[in-house]
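For reference, protein-v9.csv is printed below; it contains CSV, N, CA and C atoms.
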```
chain,number,residue,atom,x,y,z
A,185,LEU,N,98.4,118.8,96.2
A,185,LEU,CA,97.2,119.0,96.9
A,185,LEU,C,97.4,119.7,98.2
A,186,VAL,N,96.5,120.6,98.5
A,186,VAL,CA,96.7,121.3,99.8
A,186,VAL,C,95.3,121.3,100.5
A,187,SER,N,95.3,120.9,101.7
A,187,SER,CA,94.0,120.9,102.5
A,187,SER,C,94.1,121.9,103.5
A,188,SER,N,92.9,122.5,103.8
A,188,SER,CA,92.8,123.5,104.9
A,188,SER,C,91.8,123.0,105.9
A,189,ALA,N,91.3,121.8,105.7
A,189,ALA,CA,90.3,121.2,106.7
A,189,ALA,C,91.0,121.0,108.0
A,190,ALA,N,90.2,121.2,109.1
A,190,ALA,CA,90.7,120.9,110.4
A,190,ALA,C,90.3,119.5,110.8
A,191,GLY,N,91.0,118.9,111.7
A,191,GLY,CA,90.7,117.5,112.2
A,191,GLY,C,91.5,116.5,111.5
A,192,ASN,N,91.1,115.3,111.6
A,192,ASN,CA,91.8,114.1,111.1
A,192,ASN,C,91.0,113.5,110.0
A,193,ILE,N,91.6,112.7,109.1
A,193,ILE,CA,90.9,111.9,108.1
A,193,ILE,C,90.1,110.8,108.7
A,194,ALA,N,88.8,110.8,108.5
A,194,ALA,CA,88.0,109.7,109.0
A,194,ALA,C,88.0,108.6,107.9
A,195,SER,N,87.9,109.0,106.7
A,195,SER,CA,88.0,108.0,105.6
A,195,SER,C,88.5,108.7,104.3
A,196,PHE,N,89.4,108.1,103.6
A,196,PHE,CA,89.9,108.7,102.4
A,196,PHE,C,89.3,107.8,101.3
A,197,ARG,N,88.3,108.4,100.6
A,197,ARG,CA,87.5,107.6,99.7
A,197,ARG,C,88.1,107.4,98.3
A,198,SER,N,88.7,108.4,97.7
A,198,SER,CA,89.2,108.3,96.4
A,198,SER,C,90.2,109.4,96.0
A,199,VAL,N,91.0,109.0,95.0
A,199,VAL,CA,91.9,110.0,94.3
A,199,VAL,C,91.7,109.9,92.8
A,200,THR,N,91.4,111.0,92.2
A,200,THR,CA,91.2,111.0,90.7
A,200,THR,C,92.4,111.8,90.1
A,201,VAL,N,92.9,111.1,89.0
A,201,VAL,CA,94.1,111.7,88.3
A,201,VAL,C,93.8,111.9,86.9
A,202,ALA,N,93.9,113.1,86.4
A,202,ALA,CA,93.8,113.4,85.0
A,202,ALA,C,95.2,113.6,84.5
A,203,ALA,N,95.8,112.7,83.7
A,203,ALA,CA,97.2,112.8,83.3
A,203,ALA,C,97.3,112.3,81.8
A,204,SER,N,98.3,112.7,81.1
A,204,SER,CA,98.6,112.2,79.8
A,204,SER,C,100.0,111.6,80.0
A,205,HIS,N,100.2,110.4,79.5
A,205,HIS,CA,101.5,109.7,79.5
A,205,HIS,C,101.5,108.5,78.6
A,206,THR,N,102.6,108.3,77.9
A,206,THR,CA,102.7,107.1,77.1
A,206,THR,C,103.3,106.0,78.0
A,207,TRP,N,102.9,104.8,77.7
A,207,TRP,CA,103.4,103.6,78.4
A,207,TRP,C,103.3,103.6,79.9
A,208,ILE,N,102.0,103.3,80.3
A,208,ILE,CA,101.7,103.4,81.8
A,208,ILE,C,102.5,102.4,82.6
A,209,GLY,N,103.0,101.4,82.0
A,209,GLY,CA,103.8,100.4,82.8
A,209,GLY,C,105.1,100.9,83.4
A,210,ASP,N,105.5,102.2,83.0
A,210,ASP,CA,106.7,102.8,83.6
A,210,ASP,C,106.3,103.6,84.9
A,211,LEU,N,105.1,103.8,85.1
A,211,LEU,CA,104.7,104.8,86.1
A,211,LEU,C,104.4,104.3,87.5
A,212,ARG,N,104.7,105.1,88.5
A,212,ARG,CA,104.4,104.8,89.9
A,212,ARG,C,103.7,106.1,90.4
A,213,PHE,N,102.5,106.0,91.1
A,213,PHE,CA,101.8,107.1,91.7
A,213,PHE,C,101.8,106.9,93.2
A,214,TRP,N,102.1,107.9,94.0
A,214,TRP,CA,101.9,107.8,95.4
A,214,TRP,C,101.4,109.1,96.0
A,215,LEU,N,100.8,109.1,97.1
A,215,LEU,CA,100.3,110.2,97.8
A,215,LEU,C,101.0,110.3,99.1
A,216,VAL,N,101.4,111.5,99.5
A,216,VAL,CA,102.1,111.7,100.8
A,216,VAL,C,101.3,112.7,101.7
A,217,SER,N,101.0,112.3,102.9
A,217,SER,CA,100.2,113.1,103.8
A,217,SER,C,101.1,114.2,104.4
A,218,PRO,N,100.6,115.2,105.1
A,218,PRO,CA,101.4,116.3,105.7
A,218,PRO,C,102.4,115.7,106.7
A,219,SER,N,102.1,114.6,107.3
A,219,SER,CA,103.0,114.0,108.3
A,219,SER,C,104.1,113.1,107.7
A,220,GLY,N,104.0,112.9,106.3
A,220,GLY,CA,105.0,112.2,105.6
A,220,GLY,C,104.6,110.7,105.3
A,221,LEU,N,103.4,110.3,105.7
A,221,LEU,CA,103.0,108.9,105.4
A,221,LEU,C,102.8,108.8,103.9
A,222,GLU,N,103.5,107.8,103.2
A,222,GLU,CA,103.4,107.6,101.8
A,222,GLU,C,102.5,106.4,101.5
A,223,VAL,N,101.6,106.6,100.6
A,223,VAL,CA,100.7,105.5,100.2
A,223,VAL,C,100.9,105.3,98.7
A,224,LEU,N,101.5,104.2,98.3
A,224,LEU,CA,101.7,103.8,96.8
A,224,LEU,C,100.4,103.3,96.3
A,225,ILE,N,99.8,104.1,95.3
A,225,ILE,CA,98.5,103.7,94.8
A,225,ILE,C,98.6,103.0,93.4
A,226,MET,N,99.7,103.1,92.7
A,226,MET,CA,100.0,102.5,91.4
A,226,MET,C,101.4,102.2,91.3
A,227,ASP,N,101.8,101.0,91.0
A,227,ASP,CA,103.2,100.6,90.9
A,227,ASP,C,103.4,99.8,89.6
A,228,ARG,N,103.7,100.6,88.5
A,228,ARG,CA,104.1,100.0,87.2
A,228,ARG,C,103.1,98.9,86.8
A,229,PRO,N,101.9,99.2,86.4
A,229,PRO,CA,100.9,98.2,86.0
A,229,PRO,C,101.4,97.3,84.9
A,230,GLY,N,101.0,96.1,84.9
A,230,GLY,CA,101.4,95.1,84.0
A,230,GLY,C,102.5,94.2,84.5
A,231,THR,N,102.8,93.2,83.7
A,231,THR,CA,103.9,92.3,84.1
A,231,THR,C,105.1,92.5,83.3
A,232,GLY,N,106.3,92.1,83.8
A,232,GLY,CA,107.5,92.2,83.0
A,232,GLY,C,107.9,93.6,82.8
A,233,ILE,N,107.8,94.1,81.6
A,233,ILE,CA,108.2,95.4,81.2
A,233,ILE,C,107.1,96.4,81.4
A,234,GLY,N,106.0,96.0,82.0
A,234,GLY,CA,104.9,96.9,82.2
A,234,GLY,C,103.9,97.1,81.1
A,235,ASP,N,102.8,97.6,81.3
A,235,ASP,CA,101.7,97.7,80.3
A,235,ASP,C,102.1,98.8,79.3
A,236,SER,N,101.8,98.6,78.0
A,236,SER,CA,102.2,99.6,77.0
A,236,SER,C,101.1,100.6,76.7
A,237,SER,N,99.9,100.5,77.3
A,237,SER,CA,98.9,101.4,77.0
A,237,SER,C,99.1,102.8,77.6
A,238,ASN,N,98.3,103.8,77.3
A,238,ASN,CA,98.6,105.2,77.7
A,238,ASN,C,97.5,105.8,78.5
A,239,LEU,N,97.8,106.9,79.1
A,239,LEU,CA,96.8,107.8,79.8
A,239,LEU,C,96.6,109.0,79.0
A,240,LEU,N,95.4,109.5,79.0
A,240,LEU,CA,95.0,110.8,78.3
A,240,LEU,C,94.2,111.6,79.3
A,241,SER,N,94.6,112.9,79.6
A,241,SER,CA,94.0,113.7,80.6
A,241,SER,C,92.5,113.8,80.5
A,242,GLY,N,92.0,113.7,79.3
A,242,GLY,CA,90.5,113.8,79.1
A,242,GLY,C,89.7,112.6,79.6
A,243,PHE,N,90.5,111.6,80.0
A,243,PHE,CA,89.9,110.4,80.5
A,243,PHE,C,90.5,110.0,81.8
A,244,PRO,N,90.2,110.7,82.9
A,244,PRO,CA,90.8,110.6,84.2
A,244,PRO,C,90.6,109.2,84.8
A,245,ILE,N,91.5,108.7,85.6
A,245,ILE,CA,91.3,107.5,86.3
A,245,ILE,C,91.2,107.8,87.8
A,246,THR,N,90.4,106.9,88.4
A,246,THR,CA,90.1,107.1,89.9
A,246,THR,C,90.6,105.9,90.6
A,247,PHE,N,91.2,106.1,91.8
A,247,PHE,CA,91.7,105.1,92.7
A,247,PHE,C,90.7,105.1,93.9
A,248,ASP,N,90.1,104.0,94.1
A,248,ASP,CA,89.1,103.8,95.2
A,248,ASP,C,89.3,102.4,95.8
A,249,ASP,N,89.4,102.4,97.1
A,249,ASP,CA,89.6,101.1,97.8
A,249,ASP,C,88.5,100.1,97.5
A,250,ALA,N,87.3,100.6,97.2
A,250,ALA,CA,86.2,99.7,97.0
A,250,ALA,C,86.0,99.3,95.5
A,251,ALA,N,86.9,99.7,94.6
A,251,ALA,CA,86.8,99.3,93.2
A,251,ALA,C,87.0,97.8,93.0
A,252,ALA,N,86.4,97.3,91.9
A,252,ALA,CA,86.5,95.9,91.6
A,252,ALA,C,87.7,95.5,90.9
A,253,LEU,N,88.4,96.4,90.3
A,253,LEU,CA,89.6,96.0,89.5
A,253,LEU,C,90.8,96.7,90.1
A,254,GLY,N,91.9,96.0,90.2
A,254,GLY,CA,93.1,96.5,90.8
A,254,GLY,C,94.0,97.3,89.8
A,255,ALA,N,94.8,98.2,90.3
A,255,ALA,CA,95.6,99.1,89.5
A,255,ALA,C,96.6,98.2,88.7
A,256,GLU,N,97.0,97.1,89.2
A,256,GLU,CA,97.9,96.2,88.5
A,256,GLU,C,97.4,95.8,87.1
A,257,ALA,N,96.0,95.7,87.0
A,257,ALA,CA,95.4,95.2,85.8
A,257,ALA,C,95.1,96.4,84.8
A,258,MET,N,95.5,97.6,85.2
A,258,MET,CA,95.2,98.7,84.3
A,258,MET,C,95.8,98.5,82.9
A,259,GLY,N,95.0,98.7,81.9
A,259,GLY,CA,95.4,98.6,80.5
A,259,GLY,C,95.6,97.2,80.0
A,260,ASN,N,95.4,96.2,80.8
A,260,ASN,CA,95.7,94.8,80.3
A,260,ASN,C,94.8,94.2,79.2
A,261,THR,N,93.7,94.9,78.9
A,261,THR,CA,92.8,94.5,77.8
A,261,THR,C,92.9,95.3,76.5
A,262,ILE,N,93.9,96.2,76.5
A,262,ILE,CA,94.1,97.1,75.3
A,262,ILE,C,95.5,97.1,75.0
A,263,GLY,N,95.8,97.5,73.8
A,263,GLY,CA,97.2,97.5,73.3
A,263,GLY,C,97.9,98.8,73.3
A,264,THR,N,99.1,98.8,72.8
A,264,THR,CA,99.9,100.0,72.6
A,264,THR,C,99.1,101.0,71.8
A,265,ASP,N,99.3,102.3,72.1
A,265,ASP,CA,98.6,103.4,71.5
A,265,ASP,C,97.1,103.5,71.8
A,266,GLN,N,96.6,102.6,72.7
A,266,GLN,CA,95.3,102.8,73.2
A,266,GLN,C,95.3,103.4,74.5
A,267,VAL,N,94.2,104.0,75.0
A,267,VAL,CA,94.1,104.8,76.2
A,267,VAL,C,93.2,104.1,77.2
A,268,VAL,N,93.8,104.0,78.4
A,268,VAL,CA,93.0,103.5,79.6
A,268,VAL,C,91.8,104.4,79.7
A,269,CYS,N,90.7,103.8,80.1
A,269,CYS,CA,89.4,104.4,80.3
A,269,CYS,C,88.7,104.7,79.0
A,270,ARG,N,89.3,105.4,78.1
A,270,ARG,CA,88.7,105.8,76.8
A,270,ARG,C,88.4,104.5,76.0
A,271,ASP,N,89.4,103.6,75.8
A,271,ASP,CA,89.3,102.5,74.9
A,271,ASP,C,88.9,101.2,75.6
A,272,ASP,N,89.0,101.1,76.9
A,272,ASP,CA,88.6,99.9,77.6
A,272,ASP,C,87.4,100.0,78.5
A,273,GLY,N,87.0,101.3,78.8
A,273,GLY,CA,85.9,101.5,79.7
A,273,GLY,C,86.2,101.3,81.2
A,274,PHE,N,87.4,101.0,81.5
A,274,PHE,CA,87.8,100.8,82.9
A,274,PHE,C,88.5,102.1,83.4
A,275,CYS,N,87.8,102.8,84.3
A,275,CYS,CA,88.2,104.1,84.8
A,275,CYS,C,88.5,104.2,86.3
A,276,THR,N,88.1,103.1,87.0
A,276,THR,CA,88.2,103.1,88.5
A,276,THR,C,88.9,101.8,88.9
A,277,PHE,N,90.0,102.0,89.7
A,277,PHE,CA,90.8,100.9,90.2
A,277,PHE,C,91.0,101.0,91.7
A,278,PHE,N,91.2,99.8,92.3
A,278,PHE,CA,91.7,99.9,93.7
A,278,PHE,C,93.2,100.1,93.7
A,279,PRO,N,93.7,100.9,94.6
A,279,PRO,CA,95.1,101.1,94.7
A,279,PRO,C,95.9,99.8,95.0
A,280,GLU,N,97.0,99.7,94.4
A,280,GLU,CA,98.0,98.6,94.6
A,280,GLU,C,99.4,99.1,94.6
A,281,PRO,N,100.2,98.8,95.6
A,281,PRO,CA,100.0,97.8,96.6
A,281,PRO,C,99.4,98.3,97.9
A,282,ASP,N,99.3,99.6,98.1
A,282,ASP,CA,98.8,100.1,99.4
A,282,ASP,C,97.3,100.5,99.2
A,283,GLN,N,96.7,100.9,100.3
A,283,GLN,CA,95.3,101.3,100.2
A,283,GLN,C,95.1,102.8,100.8
A,284,LEU,N,94.1,103.5,100.3
A,284,LEU,CA,93.8,104.8,100.8
A,284,LEU,C,93.4,104.8,102.2
A,285,ALA,N,92.8,103.7,102.7
A,285,ALA,CA,92.4,103.6,104.1
A,285,ALA,C,93.6,103.7,105.0
A,286,ASP,N,94.8,103.6,104.5
A,286,ASP,CA,96.0,103.7,105.4
A,286,ASP,C,96.1,105.2,105.9
A,287,PHE,N,95.4,106.1,105.3
A,287,PHE,CA,95.4,107.5,105.7
A,287,PHE,C,94.5,107.8,106.9
A,288,ALA,N,93.6,106.8,107.3
A,288,ALA,CA,92.7,107.1,108.4
A,288,ALA,C,93.5,107.5,109.6
A,289,GLY,N,93.0,108.6,110.2
A,289,GLY,CA,93.6,109.1,111.5
A,289,GLY,C,94.7,110.1,111.2
A,290,GLN,N,95.1,110.3,110.0
A,290,GLN,CA,96.1,111.3,109.6
A,290,GLN,C,95.5,112.7,109.7
A,291,ALA,N,96.3,113.7,110.1
A,291,ALA,CA,95.9,115.1,110.2
A,291,ALA,C,95.5,115.5,108.8
A,292,ALA,N,94.4,116.2,108.6
A,292,ALA,CA,93.9,116.6,107.3
A,292,ALA,C,94.6,117.9,106.8
A,293,SER,N,94.9,118.8,107.8
A,293,SER,CA,95.5,120.1,107.4
A,293,SER,C,96.9,120.0,107.1
A,294,GLY,N,97.4,120.8,106.1
A,294,GLY,CA,98.7,120.8,105.7
A,294,GLY,C,98.8,120.5,104.2
A,295,THR,N,100.0,120.3,103.7
A,295,THR,CA,100.3,120.1,102.3
A,295,THR,C,100.3,118.6,102.0
A,296,TRP,N,99.4,118.2,101.1
A,296,TRP,CA,99.4,116.8,100.6
A,296,TRP,C,100.1,116.8,99.3
A,297,ARG,N,100.9,115.8,99.0
A,297,ARG,CA,101.7,115.8,97.8
A,297,ARG,C,101.3,114.5,97.0
A,298,PHE,N,101.0,114.7,95.7
A,298,PHE,CA,100.8,113.6,94.8
A,298,PHE,C,102.1,113.5,94.0
A,299,CYS,N,102.7,112.3,94.0
A,299,CYS,CA,104.0,112.1,93.4
A,299,CYS,C,104.0,111.1,92.3
A,300,VAL,N,104.8,111.3,91.3
A,300,VAL,CA,104.9,110.4,90.1
A,300,VAL,C,106.3,110.1,89.8
A,301,SER,N,106.6,108.8,89.5
A,301,SER,CA,107.9,108.5,88.9
A,301,SER,C,107.7,107.7,87.6
A,302,ASP,N,108.7,107.9,86.7
A,302,ASP,CA,108.7,107.2,85.4
A,302,ASP,C,110.0,106.5,85.4
A,303,SER,N,109.9,105.2,85.3
A,303,SER,CA,111.1,104.4,85.5
A,303,SER,C,111.9,104.2,84.2
A,304,ALA,N,111.5,104.8,83.1
A,304,ALA,CA,112.2,104.6,81.8
A,304,ALA,C,112.2,105.9,81.1
A,305,GLY,N,113.1,106.0,80.2
A,305,GLY,CA,113.2,107.2,79.3
A,305,GLY,C,112.4,107.1,78.1
A,306,ALA,N,112.3,108.1,77.3
A,306,ALA,CA,111.7,108.2,76.0
A,306,ALA,C,110.2,108.4,76.0
A,307,ASP,N,109.5,108.2,77.1
A,307,ASP,CA,108.1,108.4,77.2
A,307,ASP,C,107.9,109.8,77.9
A,308,THR,N,106.8,110.4,77.5
A,308,THR,CA,106.5,111.7,78.0
A,308,THR,C,105.1,111.8,78.7
A,309,GLY,N,104.9,112.8,79.5
A,309,GLY,CA,103.6,112.9,80.2
A,309,GLY,C,103.5,114.2,80.9
A,310,ALA,N,102.3,114.4,81.4
A,310,ALA,CA,102.0,115.6,82.2
A,310,ALA,C,100.8,115.3,83.1
A,311,ILE,N,100.8,115.9,84.3
A,311,ILE,CA,99.6,115.8,85.2
A,311,ILE,C,98.8,117.1,84.9
A,312,ALA,N,97.5,116.9,84.6
A,312,ALA,CA,96.6,118.0,84.4
A,312,ALA,C,95.9,118.4,85.6
A,313,ARG,N,95.5,117.3,86.4
A,313,ARG,CA,94.7,117.6,87.6
A,313,ARG,C,94.7,116.4,88.5
A,314,VAL,N,94.7,116.6,89.8
A,314,VAL,CA,94.5,115.6,90.8
A,314,VAL,C,93.5,116.1,91.9
A,315,SER,N,92.6,115.2,92.2
A,315,SER,CA,91.6,115.6,93.2
A,315,SER,C,91.4,114.4,94.2
A,316,ALA,N,91.0,114.7,95.4
A,316,ALA,CA,90.8,113.7,96.4
A,316,ALA,C,89.5,113.9,97.1
A,317,ASP,N,88.9,112.8,97.5
A,317,ASP,CA,87.6,112.9,98.3
A,317,ASP,C,87.8,112.1,99.6
A,318,ALA,N,87.6,112.9,100.7
A,318,ALA,CA,87.9,112.3,102.0
A,318,ALA,C,86.8,112.9,103.0
A,319,THR,N,86.6,112.2,104.1
A,319,THR,CA,85.8,112.8,105.1
A,319,THR,C,86.6,113.0,106.4
A,320,PHE,N,86.2,113.9,107.2
A,320,PHE,CA,87.0,114.4,108.3
A,320,PHE,C,86.3,114.2,109.7
A,321,ASN,N,87.0,114.0,110.7
A,321,ASN,CA,86.3,114.0,112.1
A,321,ASN,C,87.0,115.0,113.0
```
Translate this file's structure into structure tokens.
Amino acid sequence: LVSSAAGNIASFRSVTVAASHTWIGDLRFWLVSPSGLEVLIMDRPGTGIGDSSNLLSGFPITFDDAAALGAEAMGNTIGTDQVVCRDDGFCTFFPEPDQLADFAGQAASGTWRFCVSDSAGADTGAIARVSADATFN
């Protein structure tokens, strides 16, 4: 993500991710501001070995501090080979363990990075699109 806006972040409302990946319980998502502040928005959803459901880029997920359901619960109502959002109807989650509000006051201009890690082998994935919604002062 690259921002050319001047000023600072007044509020960081949401991040939407369109990605395809098998076994979401292996994934961590975080956003890094131009100053280097890292906000972890998803940390291996599910318990134990993580949730076995999947992401599909045609069914993007949104992280919003005001969402009713936390990222830790992502995929917990569906099984292996099913897709978050498409098969369970849950497409918006509040970030866990950090919050997007942590970016308040950060400089808006500069390079923003969306980072992903996969903690296990054999699963595949790709990021199709990442977008963010913020207001500036």
Give me every strand (DSSP E or B) residue in chain A, going by DSSP on the backbone, as a PyMOL selection string.
chain A and resi 186-187+192-205+211-216+222-227+238-239+245-248+254+267+276-278+291+294-295+297-302+309-320
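Each of A:Gly273, A:Gly294, A:Gly289, A:Gly209 was compared to A:Asn238 using all atoms listed in the file, and A:Gly209 turns out to be the nearest.
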Can you work out which one of A:Gly234, A:Pro229, A:Pro244, A:Pro218 has the shortest atom-to-atom distance to A:Cys269, counting all atoms listed in the file?
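Under the stated criterion, the closest residue is A:Pro244.
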Please return, as a ChimeraX atom specification, all residues of stretch 205-271 of chain A that DSSP assigns to helix (DSSP H, G or I) on the basis of the backbone.
/A:208-210,255-257
For A:Leu284, the nearest of the candidates A:Ser195, A:Ser219, A:Thr319, A:Ser241, counting only N, CA and C atoms:
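Using only N, CA and C atoms, the shortest distance to A:Leu284 belongs to A:Ser195.
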Per residue of stretch 189-230 of chain A within 8 Å of stretch 297-316 of chain A, note the shortest atom pair and the distance in Å to one decimal, counting only C-alpha atoms, and order the rows by chain and increasing residue number, as JSON lines.
```
{"residue": "A:Phe196", "atom": "CA", "partner": "A:Ala316", "partner_atom": "CA", "distance": 7.9}
{"residue": "A:Arg197", "atom": "CA", "partner": "A:Ala316", "partner_atom": "CA", "distance": 7.7}
{"residue": "A:Ser198", "atom": "CA", "partner": "A:Ala316", "partner_atom": "CA", "distance": 5.6}
{"residue": "A:Val199", "atom": "CA", "partner": "A:Ala316", "partner_atom": "CA", "distance": 4.4}
{"residue": "A:Thr200", "atom": "CA", "partner": "A:Ser315", "partner_atom": "CA", "distance": 5.3}
{"residue": "A:Val201", "atom": "CA", "partner": "A:Val314", "partner_atom": "CA", "distance": 4.6}
{"residue": "A:Ala202", "atom": "CA", "partner": "A:Arg313", "partner_atom": "CA", "distance": 5.0}
{"residue": "A:Ala203", "atom": "CA", "partner": "A:Ile311", "partner_atom": "CA", "distance": 4.3}
{"residue": "A:Ser204", "atom": "CA", "partner": "A:Gly309", "partner_atom": "CA", "distance": 5.1}
{"residue": "A:His205", "atom": "CA", "partner": "A:Gly309", "partner_atom": "CA", "distance": 3.9}
{"residue": "A:Thr206", "atom": "CA", "partner": "A:Asp307", "partner_atom": "CA", "distance": 5.6}
{"residue": "A:Trp207", "atom": "CA", "partner": "A:Asp307", "partner_atom": "CA", "distance": 6.8}
{"residue": "A:Asp210", "atom": "CA", "partner": "A:Ser303", "partner_atom": "CA", "distance": 5.1}
{"residue": "A:Leu211", "atom": "CA", "partner": "A:Asp302", "partner_atom": "CA", "distance": 4.7}
{"residue": "A:Arg212", "atom": "CA", "partner": "A:Ser301", "partner_atom": "CA", "distance": 5.2}
{"residue": "A:Phe213", "atom": "CA", "partner": "A:Val300", "partner_atom": "CA", "distance": 4.8}
{"residue": "A:Trp214", "atom": "CA", "partner": "A:Cys299", "partner_atom": "CA", "distance": 5.2}
{"residue": "A:Leu215", "atom": "CA", "partner": "A:Phe298", "partner_atom": "CA", "distance": 4.6}
{"residue": "A:Val216", "atom": "CA", "partner": "A:Arg297", "partner_atom": "CA", "distance": 5.1}
{"residue": "A:Ser217", "atom": "CA", "partner": "A:Arg297", "partner_atom": "CA", "distance": 6.7}
{"residue": "A:Pro218", "atom": "CA", "partner": "A:Arg297", "partner_atom": "CA", "distance": 7.9}
```
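Proximity of A:Asp265, A:Asp286, A:Glu256, A:Asp249 to A:Met226, computed with all atoms listed in the file, is greatest for A:Glu256.
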Do you have the atom CA of A:Gln290-atom N of A:Leu221 distance handy?
8.3 Å
Can you pull out every residue within 6.5 Å of A:Phe320, counting all atoms listed in the file, but drop anything in the same chain fewer than 3 positions away, and send it as a ChimeraX atom specification?
/A:191-195
Generate a file of the selected residues that holds N, CA and C atoms, formatted as a short mmCIF file (atom, residue, chain, number, x, y, z; two decimals), in the frame of the given file.
```
data_model
loop_
_atom_site.label_atom_id
_atom_site.label_comp_id
_atom_site.auth_asym_id
_atom_site.auth_seq_id
_atom_site.Cartn_x
_atom_site.Cartn_y
_atom_site.Cartn_z
N GLY A 191 91.00 118.90 111.70
CA GLY A 191 90.70 117.50 112.20
C GLY A 191 91.50 116.50 111.50
N ASN A 192 91.10 115.30 111.60
CA ASN A 192 91.80 114.10 111.10
C ASN A 192 91.00 113.50 110.00
N ILE A 193 91.60 112.70 109.10
CA ILE A 193 90.90 111.90 108.10
C ILE A 193 90.10 110.80 108.70
N ALA A 194 88.80 110.80 108.50
CA ALA A 194 88.00 109.70 109.00
C ALA A 194 88.00 108.60 107.90
N SER A 195 87.90 109.00 106.70
CA SER A 195 88.00 108.00 105.60
C SER A 195 88.50 108.70 104.30
#
```
Kindly give the distance, in Å, that separates atom CA of A:Gln283 and atom N of A:Asp248, rounded to a single decimal.
8.5 Å
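A straight line drawn from atom C of A:Asp272 to atom N of A:Ala285 is 25.1 Å long.
Distances to A:Asp282 were evaluated for A:Ala250, A:Leu239, A:Val223, A:Ile208 using only C-alpha atoms, and the minimum falls at A:Val223.
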I'd like the neighbourhood of stretch 274-279 of chain A as JSON, numbers by chain, where a residue qualifies if any of its atoms comes within 5 Å (using all atoms listed in the file), though same-chain residues fewer than 5 positions away should be ignored.
{"A": [225, 245, 246, 247, 248, 249, 251, 253, 254, 255, 269]}
Radius query 6.5 Å about (100.1, 93.1, 78.7), atoms used: only N, CA and C atoms, as a ChimeraX atom specification:
/A:230-231,234-236,259-260
Would you fill the gaps in stretch 244-255 of chain A so it has N, CA, C and O atoms, then print it as a compact mmCIF listing (two decimals), in the frame of the given file?
```
# COMPACT_ATOMS: atom_id res chain seq x y z
N PRO A 244 90.20 110.70 82.90
CA PRO A 244 90.80 110.60 84.20
C PRO A 244 90.60 109.20 84.80
O PRO A 244 89.55 108.54 84.45
N ILE A 245 91.50 108.70 85.60
CA ILE A 245 91.30 107.50 86.30
C ILE A 245 91.20 107.80 87.80
O ILE A 245 91.71 108.74 88.31
N THR A 246 90.40 106.90 88.40
CA THR A 246 90.10 107.10 89.90
C THR A 246 90.60 105.90 90.60
O THR A 246 90.44 104.75 90.16
N PHE A 247 91.20 106.10 91.80
CA PHE A 247 91.70 105.10 92.70
C PHE A 247 90.70 105.10 93.90
O PHE A 247 90.57 106.12 94.51
N ASP A 248 90.10 104.00 94.10
CA ASP A 248 89.10 103.80 95.20
C ASP A 248 89.30 102.40 95.80
O ASP A 248 89.27 101.44 95.08
N ASP A 249 89.40 102.40 97.10
CA ASP A 249 89.60 101.10 97.80
C ASP A 249 88.50 100.10 97.50
O ASP A 249 88.70 98.91 97.63
N ALA A 250 87.30 100.60 97.20
CA ALA A 250 86.20 99.70 97.00
C ALA A 250 86.00 99.30 95.50
O ALA A 250 85.06 98.57 95.15
N ALA A 251 86.90 99.70 94.60
CA ALA A 251 86.80 99.30 93.20
C ALA A 251 87.00 97.80 93.00
O ALA A 251 87.59 97.14 93.80
N ALA A 252 86.40 97.30 91.90
CA ALA A 252 86.50 95.90 91.60
C ALA A 252 87.70 95.50 90.90
O ALA A 252 88.15 94.31 91.05
N LEU A 253 88.40 96.40 90.30
CA LEU A 253 89.60 96.00 89.50
C LEU A 253 90.80 96.70 90.10
O LEU A 253 90.79 97.92 90.38
N GLY A 254 91.90 96.00 90.20
CA GLY A 254 93.10 96.50 90.80
C GLY A 254 94.00 97.30 89.80
O GLY A 254 93.94 97.05 88.60
N ALA A 255 94.80 98.20 90.30
CA ALA A 255 95.60 99.10 89.50
C ALA A 255 96.60 98.20 88.70
O ALA A 255 97.02 98.62 87.56
```
